[in-house]
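Chemist: Have a look at this one before I ask anything.
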Amino acid sequence: MIDMRTLYQHRDYPAALQNFNSSIPKKWSKFQGVHLAVTNHRCPICECTLKNGQLLTRPSSKSGKPPVQVEATVDHYRPQRYYPFLEFEDKNYILMCSECNNIYKGSEFPIFGTQVTRATTVAELIAEQPLIASPVNDNIFDLFKVVARRLTNGRKVLELTPKHTSGYLHEKALATIKLFGIGECEVNAHSNANVKTLRVNLLRSHFSMFENFINAYQNQDVPKMRSEITNKKLDSYGFLKIILANNVTNLT
Ligand SMILES: [Zn+2]
């Protein structure tokens with residue numbers, strides 16, 4: 001996951017907001033560019049690339065249809081289904097890849113606690129404790145650890161796991177991991193086989209990128225860490241910052 005808490009301070013944000021406000025009807029896609037600049041052109045949730053020319057694809061579920069391309073989209077963090085008053089609220093938008101947005105998240109928005117009453121005004125939002133992490137608003141370093149894990153078939157993946165063992169932050173991290181299939185990827189796999197395969201392969205490619213770095217980090221081999229970061233451009237990943245916050249477990 002990629003920390004996006006600097007989004008509203010980005011130098012391009014005011015212009016994006018102005019373009020959005022002057023578009024008729026208002027187009028939330030106007031924010032896509034500035035969100036992509038903050039995430040180094042990656043999905044902030046699953047960290048797949050969103051660079052043109054490098055987009056991932058998977059087979060379509062419908063026979064005879066062309067492959068599905070994983071593209072940049074703008075998600076309504078609180079979905080329009082439950083929060084119609086936030087449809088044109090820019091602070092409610094988060095960049096996501098089309099898989100995370102449309103296939104995994106959809107209109108889901110679980111809230112922590114029993115007998116939850118959803119907000120019907122902006123003022124009431126403060127009382128809600130969402131169970132989906134927001135890379136724009138949450139301190140993701142207090143929610144997640146990175147874990148290198150071996151699948152039942154022996155292959156290895158890089159995933160997220162909750163940092164806390166109980167309480168709201170634990171439940172929030174757990175619900176986010178389950179919803180997006182970005183941890184315990186065999187247990188939390190999507191029911192569509194092509195969607196599942198794409199996600200597992202992505203988590204495997206993340207492991208390949210970080211395998212040597214994690215070993216160097218755990219051996220405190222600073223020159224090796226530096227060369228891995230430079231050679232593989234690891235600083236374009238949110239995983240790097242989470243690991244450097246001493247949030248990594250190696251279960252391989
Ligand atoms: Zn994604």
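Residue names in the structure tokens use chain letters A, B, ... in the order shown, residue numbers from 1 in each chain, and ligand numbers from 1 in the order shown.
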List all protein, DNA and RNA residues that have any atom at most 6 Å from ligand 1, counting only C-alpha atoms and all ligand atoms, and write the list as an mmCIF file with N, CA and C atoms, in the first residue's frame.

Modeler:
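Below is the file that was written, selection_20.cif:
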data_model
loop_
_atom_site.group_PDB
_atom_site.id
_atom_site.type_symbol
_atom_site.label_atom_id
_atom_site.label_comp_id
_atom_site.auth_asym_id
_atom_site.auth_seq_id
_atom_site.Cartn_x
_atom_site.Cartn_y
_atom_site.Cartn_z
ATOM 1 N N CYS A 43 -1.085 1.475 -8.502
ATOM 2 C CA CYS A 43 -2.303 1.397 -7.700
ATOM 3 C C CYS A 43 -1.885 1.507 -6.231
ATOM 4 N N ILE A 45 -3.299 0.479 -3.664
ATOM 5 C CA ILE A 45 -3.725 -0.685 -2.869
ATOM 6 C C ILE A 45 -2.867 -1.919 -3.185
ATOM 7 N N CYS A 46 -2.871 -2.358 -4.447
ATOM 8 C CA CYS A 46 -2.169 -3.606 -4.797
ATOM 9 C C CYS A 46 -0.788 -3.350 -5.382
ATOM 10 N N GLU A 47 -0.483 -2.085 -5.702
ATOM 11 C CA GLU A 47 0.824 -1.650 -6.206
ATOM 12 C C GLU A 47 1.156 -2.172 -7.599
ATOM 13 N N CYS A 48 0.122 -2.573 -8.378
ATOM 14 C CA CYS A 48 0.385 -2.901 -9.783
ATOM 15 C C CYS A 48 0.743 -1.613 -10.521
ATOM 16 N N MET A 96 -7.416 4.033 -7.918
ATOM 17 C CA MET A 96 -7.244 2.577 -7.776
ATOM 18 C C MET A 96 -7.139 1.973 -9.161
ATOM 19 N N CYS A 97 -6.519 0.798 -9.229
ATOM 20 C CA CYS A 97 -6.574 0.064 -10.493
ATOM 21 C C CYS A 97 -8.004 -0.459 -10.665
ATOM 22 N N GLU A 99 -9.068 -3.383 -11.189
ATOM 23 C CA GLU A 99 -9.346 -4.623 -10.456
ATOM 24 C C GLU A 99 -9.722 -4.307 -9.009
ATOM 25 N N CYS A 100 -8.889 -3.513 -8.323
ATOM 26 C CA CYS A 100 -9.174 -3.163 -6.932
ATOM 27 C C CYS A 100 -10.507 -2.429 -6.814
#

Chemist: Give me the residues within 7 Å of segment 2-7 of chain A as a PyMOL selection string, counting only C-alpha atoms and dropping any in the same chain fewer than 3 places off.

Modeler: chain A and resi 10+35+38-39+44-45+135-137+140+237-238

Chemist: Out of segment 21-67 of chain A, which residues get strand (DSSP E or B) from DSSP, as a PyMOL selection string?

Modeler: chain A and resi 42+49+57-58

Chemist: If we count only C-alpha atoms, what is near Ala16 of chain A at a cut-off of 9 Å, once residues fewer than 5 positions away on the same chain are taken out, given as a list in words?

Modeler: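 In the requested format, the answer is Asn21, Lys30, Phe31, Gln32, Gly33 and Val34 of chain A.
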
Chemist: Just the residues within 6 Å of His41 of chain A, please, counting only C-alpha atoms, with nothing from its chain fewer than 2 positions along; format it as a PDB file with N, CA and C atoms, in the first residue's frame.

Modeler:
ATOM      1  N   LEU A  36      -1.878   9.858  -9.629  1.00  0.00           N
ATOM      2  CA  LEU A  36      -0.821   9.015 -10.213  1.00  0.00           C
ATOM      3  C   LEU A  36       0.567   9.572  -9.901  1.00  0.00           C
ATOM      4  N   THR A  39       1.479   8.452  -6.402  1.00  0.00           N
ATOM      5  CA  THR A  39       1.713   7.005  -6.216  1.00  0.00           C
ATOM      6  C   THR A  39       2.793   6.457  -7.155  1.00  0.00           C
ATOM      7  N   LEU A  50       0.529   1.329 -13.208  1.00  0.00           N
ATOM      8  CA  LEU A  50      -0.527   1.977 -13.984  1.00  0.00           C
ATOM      9  C   LEU A  50       0.089   2.848 -15.070  1.00  0.00           C
ATOM     10  N   LYS A  51       1.328   2.507 -15.441  1.00  0.00           N
ATOM     11  CA  LYS A  51       2.005   3.253 -16.509  1.00  0.00           C
ATOM     12  C   LYS A  51       1.483   2.800 -17.859  1.00  0.00           C
TER      13      LYS A  51
END

Chemist: May I ask which of the residues A:Leu55, A:Ala37, A:Leu203, A:Val70 is the closest one to Arg155 of chain A, counting only C-alpha atoms?

Modeler: A:Leu203

Chemist: Need to verify the contact set: segment 217-231 of chain A, 12 Å, only C-alpha atoms, exclusion of same-chain residues closer than 5 positions in sequence. Can you return it as a list in words?

Modeler: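 Once the adjacent positions are removed, what remains is Ser208, Met209, Phe210, Glu211, Asn212, Ser236, Tyr237, Phe239, Leu240, Lys241, Ile243, Leu244, Ala245, Asn246, Asn247, Val248, Thr249 and Asn250 of chain A.
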
Chemist: DSSP says helix (DSSP H, G or I) for which residues of segment 130-202 of chain A? Put them as a ChimeraX atom specification?

Modeler: /A:140-142,167-180,193-202

Chemist: Name the closest residue to Leu17 of chain A among the candidates A:Arg199, A:Lys62, A:Arg81, A:Lys91; distances are taken between atoms, counting only C-alpha atoms.

Modeler: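 Using only C-alpha atoms, Leu17 of chain A sits closest to A:Lys91.
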
Chemist: With a distance cut-off of 9 Å and only C-alpha atoms, select the neighbouring residues of Ile182 of chain A, excluding the residue or stretch itself and same-chain residues fewer than 4 positions from it, and output the selection as a list in words.

Modeler: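 Residues meeting the cut-off are Ile45, Cys46, Leu158, Glu159, Leu160, Thr161, Thr176, Ile177, Lys178, Asn188, Ala189, Arg199, Val200 and Leu203 of chain A.
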
Chemist: Could the residues in this selection be saved with C-alpha atoms as an mmCIF file, in the first residue's frame?

Modeler:
data_model
loop_
_atom_site.group_PDB
_atom_site.id
_atom_site.type_symbol
_atom_site.label_atom_id
_atom_site.label_comp_id
_atom_site.auth_asym_id
_atom_site.auth_seq_id
_atom_site.Cartn_x
_atom_site.Cartn_y
_atom_site.Cartn_z
ATOM 1 C CA ILE A 45 -3.725 -0.685 -2.869
ATOM 2 C CA CYS A 46 -2.169 -3.606 -4.797
ATOM 3 C CA LEU A 158 4.894 -10.458 -0.731
ATOM 4 C CA GLU A 159 1.759 -9.484 1.160
ATOM 5 C CA LEU A 160 0.360 -7.251 3.899
ATOM 6 C CA THR A 161 -0.645 -8.411 7.375
ATOM 7 C CA THR A 176 -8.853 -4.285 3.937
ATOM 8 C CA ILE A 177 -6.529 -7.241 3.315
ATOM 9 C CA LYS A 178 -9.496 -9.616 2.895
ATOM 10 C CA ASN A 188 -8.782 -14.417 0.471
ATOM 11 C CA ALA A 189 -8.694 -15.334 -3.227
ATOM 12 C CA ARG A 199 -3.425 -11.122 -8.124
ATOM 13 C CA VAL A 200 -1.290 -14.062 -6.978
ATOM 14 C CA LEU A 203 2.166 -10.661 -5.271
#

Chemist: When you draw a straight line from atom CA of Asp12 of chain A to atom CA of Asn139 of chain A, how long is it in Å?

Modeler: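 Computed distance, atom CA of Asp12 of chain A to atom CA of Asn139 of chain A, equals 22.6 Å.
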
Chemist: Would you mind reading off the distance between atom CA of Lys172 of chain A and atom CA of Pro130 of chain A, one decimal, in Å?

Modeler: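 Atom-to-atom, atom CA of Lys172 of chain A and atom CA of Pro130 of chain A are spaced 7.2 Å apart.
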
Chemist: Could you check which of A:Thr73, A:Asp90, A:Ser61, A:Thr197 is closest to Arg42 of chain A, using only C-alpha atoms?

Modeler: A:Thr73

Chemist: Suppose you want the space between atom CA of Asn52 of chain A and atom CA of Glu71 of chain A; what is it in Å?

Modeler: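 Pair atom CA of Asn52 of chain A / atom CA of Glu71 of chain A returns 8.6 Å.
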
Chemist: Report as a PDB file with C-alpha atoms, in the first residue's frame all protein, DNA and RNA residues lying within 12 Å of Leu151 of chain A, evaluated on only C-alpha atoms, omitting residues in the same chain fewer than 2 positions from it.

Modeler:
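Wrote selection_31.pdb, looks like this:
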ATOM      1  CA  ALA A 148       7.131 -12.547   2.730  1.00  0.00           C
ATOM      2  CA  ARG A 149       5.242 -15.836   2.716  1.00  0.00           C
ATOM      3  CA  ASN A 153       2.649 -24.734  -3.912  1.00  0.00           C
ATOM      4  CA  GLY A 154       6.057 -23.583  -2.600  1.00  0.00           C
ATOM      5  CA  ARG A 155       6.089 -20.288  -4.475  1.00  0.00           C
ATOM      6  CA  LYS A 156       6.592 -17.085  -2.522  1.00  0.00           C
ATOM      7  CA  VAL A 157       4.589 -13.885  -2.330  1.00  0.00           C
ATOM      8  CA  LEU A 158       4.894 -10.458  -0.731  1.00  0.00           C
ATOM      9  CA  GLU A 159       1.759  -9.484   1.160  1.00  0.00           C
ATOM     10  CA  GLY A 183      -2.782 -10.811   2.213  1.00  0.00           C
ATOM     11  CA  GLU A 184      -3.324 -14.555   2.825  1.00  0.00           C
ATOM     12  CA  CYS A 185      -3.973 -14.545  -0.902  1.00  0.00           C
ATOM     13  CA  GLU A 186      -5.020 -18.202  -1.063  1.00  0.00           C
ATOM     14  CA  VAL A 187      -7.605 -17.823   1.717  1.00  0.00           C
ATOM     15  CA  VAL A 200      -1.290 -14.062  -6.978  1.00  0.00           C
ATOM     16  CA  ASN A 201       1.123 -13.453  -9.870  1.00  0.00           C
ATOM     17  CA  LEU A 203       2.166 -10.661  -5.271  1.00  0.00           C
ATOM     18  CA  ARG A 204       4.774 -13.119  -6.567  1.00  0.00           C
ATOM     19  CA  PHE A 207       8.310 -10.834  -3.777  1.00  0.00           C
ATOM     20  CA  LEU A 251       7.983 -16.430   6.833  1.00  0.00           C
ATOM     21  CA  THR A 252       9.652 -18.036   3.839  1.00  0.00           C
TER      22      THR A 252
END

Chemist: Identify which of the residues A:Lys145, A:His190, A:Lys105, A:Arg150 lies closest to Pro162 of chain A, counting only C-alpha atoms when measuring atom-to-atom distances.

Modeler: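 Closest residue, counting only C-alpha atoms: A:Lys145.
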